[in-house]
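Okay, query_30.txt is below, compact mmCIF, C-alpha atoms:
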# COMPACT_ATOMS: atom_id res chain seq x y z
CA MET A 279 -22.23 -1.32 2.86
CA GLN A 280 -22.85 2.32 2.02
CA GLU A 281 -19.73 4.19 1.03
CA SER A 282 -20.07 7.03 3.54
CA LEU A 283 -20.95 4.62 6.30
CA GLY A 284 -18.12 2.31 5.23
CA THR A 285 -15.57 5.11 5.30
CA THR A 286 -16.52 5.94 8.85
CA ILE A 287 -16.41 2.32 9.96
CA GLU A 288 -13.01 1.79 8.26
CA MET A 289 -11.53 4.72 10.13
CA THR A 290 -13.24 3.87 13.41
CA LEU A 291 -12.04 0.26 13.32
CA GLY A 292 -8.51 1.33 12.42
CA GLN A 293 -8.28 4.07 15.05
CA GLU A 294 -9.80 1.99 17.82
CA PHE A 295 -7.59 -1.01 16.99
CA LEU A 296 -4.42 1.12 17.21
CA THR A 297 -5.63 2.79 20.41
CA TRP A 298 -6.42 -0.65 21.91
CA LEU A 299 -2.96 -1.92 20.92
CA TRP A 300 -1.35 1.08 22.57
CA TYR A 301 -3.40 0.63 25.76
CA ASN A 302 -2.54 -3.09 25.86
CA SER A 303 1.14 -2.44 25.28
CA GLU A 304 1.30 -0.04 28.24
CA GLU A 305 -1.13 -1.69 30.62
CA LYS A 306 -0.74 -5.39 29.80
CA ASN A 307 2.84 -5.56 28.51
CA GLY A 308 1.40 -6.19 25.06
CA THR A 309 1.37 -9.95 25.58
CA TYR A 310 -1.09 -12.04 23.57
CA HIS A 311 -1.69 -15.71 22.98
CA THR A 312 -2.66 -16.75 19.48
CA ILE A 313 -6.28 -17.68 18.88
CA GLU A 314 -5.08 -21.27 18.38
CA GLY A 315 -3.42 -21.09 21.80
CA GLN A 316 0.12 -21.42 20.51
CA ASN A 317 3.18 -19.69 21.93
CA PRO A 318 2.66 -16.18 23.27
CA TYR A 319 3.71 -13.15 21.30
CA VAL A 320 4.16 -9.51 22.12
CA VAL A 321 2.77 -6.49 20.30
CA TYR A 322 3.57 -3.00 21.42
CA ILE A 323 3.56 0.55 20.14
CA SER A 324 6.59 2.73 20.65
CA ASN A 325 8.93 5.19 18.95
CA ARG A 326 6.36 6.76 16.62
CA ILE A 327 2.67 7.62 16.76
CA VAL A 328 0.39 10.15 15.10
CA VAL A 329 -2.84 11.39 16.69
CA ARG A 330 -5.44 13.63 15.09
CA GLY A 331 -8.54 15.47 16.22
CA GLY A 332 -10.98 18.18 15.18
CA GLU A 333 -13.00 18.63 12.02
CA GLY A 334 -12.74 20.57 8.76
CA ASP A 335 -10.31 23.49 8.95
CA ALA A 336 -9.79 22.86 12.67
CA ILE A 337 -8.14 19.45 12.22
CA GLU A 338 -4.99 19.18 14.35
CA THR A 339 -2.38 16.48 13.97
CA ALA A 340 0.34 15.67 16.48
CA SER A 341 3.20 13.43 15.45
CA VAL A 342 5.45 12.16 18.22
CA SER A 343 8.56 10.12 17.65
CA GLY A 344 11.81 9.27 19.36
CA VAL A 345 13.78 6.24 20.42
CA ASN A 346 12.71 5.31 23.97
CA SER A 347 10.00 7.97 23.77
CA SER A 348 7.13 7.46 26.18
CA LEU A 349 4.87 9.18 23.63
CA LYS A 350 3.49 11.36 26.43
CA GLU A 351 2.59 14.25 24.14
CA ALA A 352 0.58 11.96 21.90
CA LYS A 353 -1.20 10.50 24.93
CA LEU A 354 -1.98 14.03 26.04
CA GLY A 355 -3.73 14.38 22.68
CA LEU A 356 -6.00 11.46 23.57
CA THR A 357 -7.17 13.31 26.69
CA ILE A 358 -8.56 16.10 24.50
CA GLY A 359 -10.28 13.76 22.08
CA LYS A 360 -7.60 13.15 19.47
CA LEU A 361 -7.45 9.64 18.00
CA VAL A 362 -4.57 7.48 16.81
CA VAL A 363 -4.26 7.66 13.01
CA SER A 364 -0.98 5.79 12.57
CA ALA A 365 1.57 4.03 14.73
CA LEU A 366 4.78 2.06 14.59
CA VAL A 367 3.90 -1.42 15.79
CA HIS A 368 6.50 -3.87 17.11
CA LEU A 369 5.82 -7.59 17.11
CA GLU A 370 7.93 -10.23 18.84
CA LYS A 371 7.59 -13.98 18.88
CA GLU A 372 10.07 -16.69 19.80
CA GLY A 373 13.01 -14.29 19.68
CA LEU A 374 12.07 -12.87 16.29
CA GLU A 375 11.09 -9.24 15.78
CA TRP A 376 9.01 -7.34 13.24
CA LYS A 377 8.29 -3.62 12.96
CA VAL A 378 5.59 -2.05 10.83
CA GLY A 379 3.90 1.32 10.48
CA ILE A 380 0.12 0.85 10.31
CA LYS A 381 -2.25 3.57 9.14
CA ALA A 382 -5.76 3.50 10.59
CA GLU A 383 -7.32 4.84 7.40
CA ASP A 384 -6.39 2.04 5.02
CA PHE A 385 -4.31 -0.45 7.02
CA ALA A 386 -1.44 0.17 4.60
CA LEU A 387 1.76 -1.41 5.92
CA ASN A 388 4.66 1.01 5.87
CA SER A 389 8.34 0.21 6.31
CA PHE A 390 7.60 -3.41 7.22
CA LYS A 391 10.78 -4.83 8.73
CA THR A 392 11.09 -8.57 9.20
CA PRO A 393 13.70 -10.60 11.09
CA ALA A 394 16.95 -10.57 9.13
CA VAL A 395 17.23 -13.05 6.30
CA SER A 396 20.53 -14.92 6.49
CA LYS A 397 22.33 -14.63 3.18
CA GLU A 398 24.83 -17.30 4.13
CA ASP A 399 24.07 -21.01 4.05
CA LYS A 400 21.62 -20.52 1.23
CA ASP A 401 21.06 -23.39 -1.15
CA ASP A 402 23.02 -22.39 -4.27
CA ASP A 403 20.75 -24.57 -6.37
CA ASN A 404 17.70 -22.54 -5.43
CA PRO A 405 18.03 -18.89 -6.53
CA ASP A 406 14.71 -18.13 -4.84
CA ALA A 407 15.82 -19.26 -1.37
CA LEU A 408 16.33 -15.69 -0.12
CA PHE A 409 12.96 -14.57 -1.43
CA LEU A 410 11.17 -17.57 0.07
CA GLU A 411 12.68 -16.97 3.49
CA LYS A 412 11.79 -13.28 3.32
CA ILE A 413 8.18 -13.92 2.28
CA TYR A 414 7.89 -16.55 5.02
CA PHE A 415 8.86 -13.91 7.59
CA ILE A 416 6.51 -11.35 6.03
CA GLU A 417 3.56 -13.76 6.19
CA GLN A 418 4.46 -14.77 9.75
CA GLY A 419 4.31 -11.08 10.73
CA LEU A 420 1.01 -10.64 8.87
CA ASP A 421 -0.43 -13.64 10.71
CA LEU A 422 0.46 -12.04 14.05
CA ILE A 423 -1.21 -8.76 13.00
CA ASN A 424 -4.31 -10.67 11.87
CA ASP A 425 -4.40 -12.70 15.08
CA CYS A 426 -4.16 -9.56 17.17
CA TYR A 427 -6.82 -7.83 15.06
CA GLN A 428 -9.11 -10.85 15.48
CA GLN A 429 -8.74 -10.62 19.26
CA PHE A 430 -9.62 -6.92 19.08
CA LEU A 431 -12.67 -7.66 16.91
CA GLN A 432 -13.93 -10.31 19.30
CA ILE A 433 -13.95 -7.75 22.10
CA ARG A 434 -15.12 -4.88 19.87
CA LEU A 435 -18.18 -6.75 18.60
CA ASN A 436 -19.30 -7.84 22.05
CA ASN A 437 -21.15 -4.82 23.49
CA SER A 438 -20.60 -5.58 27.18
CA ASP A 439 -16.92 -6.58 26.73
CA TRP A 440 -16.26 -3.45 24.70
CA ALA A 441 -18.02 -1.19 27.18
CA LYS A 442 -15.68 -2.53 29.91
CA GLU A 443 -12.67 -2.08 27.63
CA VAL A 444 -13.65 1.51 26.75
CA LYS A 445 -13.91 2.31 30.46
CA LYS A 446 -10.45 0.84 31.13
CA ILE A 447 -8.92 2.63 28.12
CA GLY A 448 -10.50 5.88 29.36
CA GLU A 449 -8.93 5.38 32.79
CA TRP A 450 -5.55 4.71 31.16
CA ILE A 451 -5.84 7.84 29.02
CA ASN A 452 -6.55 9.99 32.07
CA LEU A 453 -3.85 8.45 34.26
CA MET K 258 10.54 -0.74 -4.22
CA GLY K 259 10.94 -4.40 -3.44
CA PHE K 260 10.25 -7.16 -1.01
CA LEU K 261 13.91 -8.11 -0.67
CA ASN K 262 14.85 -4.71 0.80
CA SER K 263 15.38 -4.49 4.55
CA THR K 264 12.01 -2.71 4.84
CA THR K 265 9.08 -2.75 2.46
CA SER K 266 5.89 -0.71 2.29
CA PHE K 267 3.06 -2.65 0.79
CA THR K 268 -0.66 -3.09 0.36
CA ARG K 269 -2.50 -6.38 0.79
CA LEU K 270 -5.18 -7.11 -1.79
CA ASN K 271 -7.68 -9.88 -1.52
CA ILE K 272 -8.61 -11.76 -4.73
CA MET K 273 -12.39 -11.68 -4.58
CA GLU K 274 -13.08 -14.85 -6.53
CA GLU K 275 -11.52 -18.29 -6.64
CA VAL K 276 -8.73 -18.46 -9.21
CA PRO K 277 -9.83 -20.85 -12.00
CA LYS K 278 -7.45 -23.82 -12.20
CA ASP K 279 -7.06 -23.44 -15.95
CA LEU K 280 -5.78 -19.88 -15.43
CA LEU K 281 -2.62 -20.97 -13.60
CA PRO K 282 -0.77 -22.40 -16.62
CA GLN K 283 -1.64 -19.25 -18.59
CA ILE K 284 -0.30 -16.71 -16.10
CA GLN K 285 3.18 -16.40 -17.62
CA GLU K 286 1.72 -16.00 -21.10
CA LEU K 287 -0.78 -13.36 -19.90
CA LEU K 288 1.97 -11.42 -18.13
CA ILE K 289 3.89 -11.27 -21.39
CA LYS K 290 0.76 -10.28 -23.32
CA TYR K 291 0.15 -7.34 -20.96
CA SER K 292 3.83 -6.59 -20.41
CA PHE K 293 5.35 -3.16 -20.11
CA LYS K 294 5.98 -1.40 -23.43
CA ASP K 295 9.01 0.86 -23.58
CA ILE K 296 8.41 4.52 -24.47
CA ASP K 297 12.01 5.72 -24.60
CA ASN K 298 11.62 6.44 -28.32
CA VAL K 299 7.93 7.28 -28.40
CA ALA K 300 6.46 10.68 -27.48
CA LEU K 301 4.12 9.36 -24.78
CA ASP K 302 4.01 10.67 -21.23
CA ARG K 303 3.25 7.35 -19.52
CA SER K 304 3.41 3.60 -19.95
CA PHE K 305 2.69 0.82 -17.48
CA GLY K 306 2.56 -2.95 -17.60
CA TRP K 307 4.09 -6.12 -16.21
CA THR K 308 7.74 -7.04 -16.08
CA SER K 309 9.95 -9.62 -14.38
CA PHE K 310 10.23 -9.59 -10.57
CA ASP K 311 13.96 -10.35 -10.83
CA ASP K 312 14.89 -7.88 -13.56
CA MET K 313 12.68 -4.97 -14.51
CA LEU K 314 14.29 -4.83 -17.97
CA ASP K 315 13.22 -8.41 -18.73
CA THR K 316 9.72 -7.69 -20.04
CA ASN K 317 9.56 -10.99 -21.97
CA TRP K 318 10.76 -13.19 -19.09
CA GLU K 319 13.72 -14.40 -21.11
CA ARG K 320 16.02 -14.66 -18.09
CA SER K 321 13.57 -15.70 -15.36
CA ILE K 322 10.13 -17.15 -14.72
CA CYS K 323 7.29 -15.85 -12.59
CA ASP K 324 6.88 -19.00 -10.45
CA LYS K 325 8.59 -19.11 -7.06
CA ALA K 326 7.25 -22.16 -5.20
CA ASP K 327 3.66 -21.29 -4.15
CA TYR K 328 3.99 -17.69 -5.29
CA ILE K 329 3.65 -15.91 -8.61
CA CYS K 330 6.04 -12.98 -8.68
CA PHE K 331 6.18 -10.12 -11.13
CA SER K 332 6.44 -6.33 -11.11
CA LEU K 333 4.35 -3.39 -12.22
CA ARG K 334 6.62 -1.13 -14.21
CA LEU K 335 5.59 2.47 -14.66
CA ASP K 336 7.58 4.87 -16.80
CA THR K 337 6.62 8.53 -16.61
CA ARG K 338 7.94 11.25 -18.82
CA ARG K 339 7.85 14.70 -17.30
CA VAL K 340 8.78 17.93 -19.04
CA PRO K 341 9.61 20.49 -16.35
CA PRO K 342 6.95 23.27 -16.49
CA ALA K 343 9.62 26.00 -16.64
CA VAL K 344 11.20 24.37 -19.71
CA LEU K 345 7.81 24.01 -21.39
CA LYS K 346 6.93 27.62 -20.60
CA LYS K 347 10.21 28.95 -21.97
CA HIS K 348 10.05 27.04 -25.24
CA THR K 349 6.36 27.80 -25.76
CA ARG K 350 7.16 31.49 -25.37
CA LEU K 351 10.08 31.24 -27.83
CA ALA K 352 7.81 29.51 -30.35
CA LEU K 353 5.13 32.18 -29.92
CA ILE K 354 7.68 34.99 -30.42
CA GLU K 355 8.81 33.30 -33.64
CA GLU K 356 5.16 32.90 -34.77
CA GLU K 357 4.46 36.58 -34.07
CA ARG K 358 7.56 37.57 -36.03
CA GLN K 359 6.41 35.56 -39.02
CA LEU K 360 2.90 37.01 -38.78
CA LEU K 361 4.29 40.55 -38.71
CA GLU K 362 6.12 39.85 -41.96
CA GLN K 363 2.75 38.91 -43.42
CA GLY K 364 1.24 42.12 -42.04
CA LYS K 365 -0.78 40.38 -39.35
CA LYS K 366 -0.70 41.26 -35.67
CA PHE K 367 -2.27 38.60 -33.48
CA VAL K 368 -1.82 34.88 -32.98
CA SER K 369 -5.28 33.32 -32.70
CA LYS K 370 -6.32 31.37 -29.62
CA GLU K 371 -6.51 28.13 -31.62
CA ARG K 372 -3.03 28.69 -33.09
CA ARG K 373 -1.61 29.36 -29.59
CA ALA K 374 -3.02 26.03 -28.40
CA GLU K 375 -1.56 24.30 -31.47
CA ILE K 376 1.87 25.81 -30.76
CA ARG K 377 1.69 24.75 -27.11
CA ASP K 378 0.86 21.15 -28.11
CA LYS K 379 3.61 21.06 -30.74
CA VAL K 380 6.22 22.36 -28.29
CA LYS K 381 5.07 19.83 -25.67
CA LEU K 382 5.36 16.98 -28.18
CA ASP K 383 8.80 18.19 -29.23
CA MET K 384 9.96 18.45 -25.61
CA MET K 385 8.61 14.98 -24.80
CA THR K 386 11.00 13.40 -27.28
CA ARG K 387 13.89 15.20 -25.60
CA PHE K 388 13.26 14.01 -22.02
CA LEU K 389 13.72 10.35 -21.14
CA PRO K 390 10.97 8.71 -19.09
CA ILE K 391 11.64 7.99 -15.41
CA PRO K 392 11.26 4.27 -14.66
CA ALA K 393 9.63 2.94 -11.49
CA GLU K 394 9.05 -0.63 -10.40
CA PHE K 395 6.55 -1.99 -7.86
CA GLN K 396 7.01 -5.66 -7.05
CA VAL K 397 4.02 -7.95 -6.82
CA VAL K 398 3.79 -11.24 -4.92
CA TRP K 399 0.72 -13.39 -5.53
CA SER K 400 0.25 -16.02 -2.84
CA LEU K 401 -1.67 -18.87 -4.44
CA GLN K 402 -2.27 -20.54 -1.10
CA ARG K 403 -3.77 -17.45 0.51
CA ASN K 404 -5.46 -16.11 -2.64
CA MET K 405 -3.80 -12.82 -1.79
CA ILE K 406 -1.64 -10.22 -3.51
CA TYR K 407 1.07 -8.14 -1.89
CA LEU K 408 1.83 -4.98 -3.89
CA ALA K 409 4.95 -3.07 -2.92
CA SER K 410 3.30 0.33 -2.80
CA THR K 411 0.94 2.16 -0.48
CA GLN K 412 0.22 5.02 -2.90
CA GLN K 413 -3.45 5.10 -3.85
CA LYS K 414 -2.62 6.07 -7.45
CA ILE K 415 -0.35 3.04 -7.88
CA VAL K 416 -2.81 0.69 -6.15
CA ASP K 417 -5.60 1.86 -8.51
CA MET K 418 -3.36 1.49 -11.56
CA PHE K 419 -2.34 -2.00 -10.44
CA ILE K 420 -5.95 -3.12 -9.89
CA GLU K 421 -6.93 -1.83 -13.34
CA LYS K 422 -4.11 -3.73 -15.04
CA PHE K 423 -4.65 -6.89 -12.98
CA VAL K 424 -8.36 -7.05 -13.86
CA GLU K 425 -7.56 -6.42 -17.53
CA THR K 426 -4.96 -9.21 -17.52
CA PHE K 427 -6.54 -11.95 -15.41
CA ASN K 428 -10.21 -10.95 -15.18
CA LEU K 429 -9.93 -11.37 -11.41
CA HIS K 430 -11.16 -8.65 -9.05
CA LEU K 431 -9.21 -7.27 -6.11
CA GLU K 432 -10.04 -5.55 -2.88
CA PRO K 433 -7.43 -3.72 -0.77
CA LEU K 434 -7.46 -5.15 2.75
CA SER K 435 -8.27 -2.16 4.89
CA ALA K 436 -9.83 -2.55 8.34
CA TYR K 437 -13.37 -3.45 7.21
CA PRO K 438 -12.63 -6.07 4.51
CA LEU K 439 -9.92 -7.57 6.73
CA ALA K 440 -12.48 -7.92 9.52
CA LEU K 441 -14.86 -9.65 7.10
CA GLN K 442 -12.11 -11.94 5.89
CA ILE K 443 -11.22 -12.93 9.45
CA LEU K 444 -14.77 -13.22 10.84
CA GLY K 445 -16.68 -14.23 7.71
CA GLU K 446 -19.35 -12.39 5.70
CA ASP K 447 -21.92 -13.02 8.45
CA ALA K 448 -20.16 -10.41 10.59
CA SER K 449 -21.07 -7.60 8.16
CA LYS K 450 -24.29 -6.70 10.01
CA GLU K 451 -22.48 -6.31 13.35
CA LEU K 452 -19.64 -4.39 11.72
CA ASP K 453 -22.04 -2.02 9.96
CA GLU K 454 -23.56 -1.08 13.32
CA ILE K 455 -20.24 0.07 14.76
CA THR K 456 -20.07 3.69 15.84
CA ALA K 457 -17.04 5.53 17.17
CA SER K 458 -16.40 5.04 20.89
CA ASN K 459 -15.82 7.88 23.29
CA PHE K 460 -12.82 6.98 25.44
CA ILE K 461 -12.75 10.16 27.54

Could you render the structure as structure tokens?
Amino acid sequence: MQESLGTTIEMTLGQEFLTWLWYNSEEKNGTYHTIEGQNPYVVYISNRIVVRGGEGDAIETASVSGVNSSLKEAKLGLTIGKLVVSALVHLEKEGLEWKVGIKAEDFALNSFKTPAVSKEDKDDDNPDALFLEKIYFIEQGLDLINDCYQQFLQIRLNNSDWAKEVKKIGEWINL
Amino acid sequence: MGFLNSTTSFTRLNIMEEVPKDLLPQIQELLIKYSFKDIDNVALDRSFGWTSFDDMLDTNWERSICDKADYICFSLRLDTRRVPPAVLKKHTRLALIEEERQLLEQGKKFVSKERRAEIRDKVKLDMMTRFLPIPAEFQVVWSLQRNMIYLASTQQKIVDMFIEKFVETFNLHLEPLSAYPLALQILGEDASKELDEITASNFI
């Protein structure tokens, strides 16, 4: 992979994945079923999103945040060609909830919040019990992100499926 | 920054080769070999190395071990000593004034360019011993089952520093899991051709 080409693909994959998540969360209630067909889970974007557009000195960034925000101003940015560069992603499965800020550029995971780890009822003989429960939740959240990303990739790499999806996302943007 | 906090920012790094089985029993020993070296009493501006996950002061793992079930846990400790520029500027100027005074007594007028540089370096060295380094800790969780590292930082500088130290210690190579390598990991190397042909979509 050439570096310049790779950089573009990295960013494109990241931006389109976050845009697709946002579209799904608004148009399809963000509900997914794991690739293995296990229990459904929900992924949605809310509260915080950053969109960016333009080139060189004319780059413009719009950051929209707020509890219960409909992110309308950010969506307005999409109508003029801005793209999602980072978003706060919520994941829910079987009554458990995760929140994580994902950046399109490098997929760095910011402020990753897992379900609460219960400090009571921990096995006193195992000083690592808290850590092991926490890392279990972290990896469960990562598995959901990976599963969701895999579903995106399956559509993204199928030209006719993606063309249909792009059309639907375009309609959603211009609603 | 740590994994036990209510929120954690971290980077996933893929270990690019299979971990040799004979490396596993040596991990603790290698962590100690490449452990953090304190610079509180040494005039250095930076030091970084491994320390205990449970106690960043325990650089010899005397009070804990790195194994936690299927995970190897340790921390990258980075101490940085910073002399505030205004302090450095003030004391360099004072030293130059003193130098000029001494030169005048010898009937000379100017401090040479080389001597100015020497004075600047000497003042910096002197100041470095008077400012304590600022410690920072970045926890590391190595999942043996997933052949994956979680580093509690998303700063590029720290990620690069971590990769450098990790390669030096274990001779294993790492790749941050951004969108492209994550796609390859999920879909397999065969997907690289399709991924390389991706161009940005126009949604509007």

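Any residue of chain A with an atom no more than 6 Å from chain K counts as a contact; using all atoms listed in the file, that gives Glu288, Thr290, Gly292, Asp384, Phe385, Ala386, Leu387, Asn388, Ser389, Phe390, Lys391, Val444 and Gly448 of chain A.
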
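Going from atom CA of A:Lys377 to atom CA of A:Ser303 covers 14.3 Å.
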
Selected residue of minimal separation from A:Pro405 among K:Ala352, K:Glu432, K:Ile322, K:Trp399, counting all atoms listed in the file: K:Ile322

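Compared by their closest atoms to K:Ile415, and using only C-alpha atoms, the residues K:Val344, K:Leu353, K:Val299, K:Ala393 rank with K:Ala393 nearest.
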
Quick one, how far is atom CA of A:Val342 from atom CA of A:Ile327? 5.5 Å

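The coordinates place atom CA of A:Glu294 at 13.6 Å from atom CA of A:Gly331.
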
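All residues of protein, DNA or RNA that reach within 12 Å of A:Val320, judged by all atoms listed in the file and not counting those fewer than 5 positions away in the chain, are Leu299, Trp300, Asn302, Ser303, Glu304, Lys306, Asn307, Gly308, Thr309, Tyr310, His311, Thr312, Val367, His368, Leu369, Glu370, Lys371, Glu372, Gly373, Leu374, Glu375, Trp376, Lys377, Gly419, Leu422, Ile423, Asp425 and Cys426 of chain A.
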
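With distances restricted to all atoms listed in the file, K:Tyr407 is the closest residue to A:Leu420 from K:Leu382, K:Arg358, K:Tyr407, K:Ala343.
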
Kindly compute an axis-aligned box around the listed atoms of stretch 277-283 of chain K, allowing 6 Å on each side, and express its centre and edge lengths in Å to one decimal as AutoDock Vina command-line options.
--center_x -5.3 --center_y -21.5 --center_z -15.3 --size_x 21.1 --size_y 16.6 --size_z 18.6

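Residues within 12 Å of K:Pro392, counting all atoms listed in the file and excluding same-chain residues fewer than 3 positions away, are Met258, Phe293, Lys294, Asp295, Ile296, Asp297, Asp302, Arg303, Ser304, Phe305, Gly306, Thr308, Met313, Leu314, Leu333, Arg334, Leu335, Asp336, Thr337, Arg338, Arg339, Leu389 and Phe395 of chain K.
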
Using only C-alpha atoms for the distances, tell me which of K:Val380, K:Ala374, K:Lys347, K:Ser332 is nearest to K:Gln396. K:Ser332
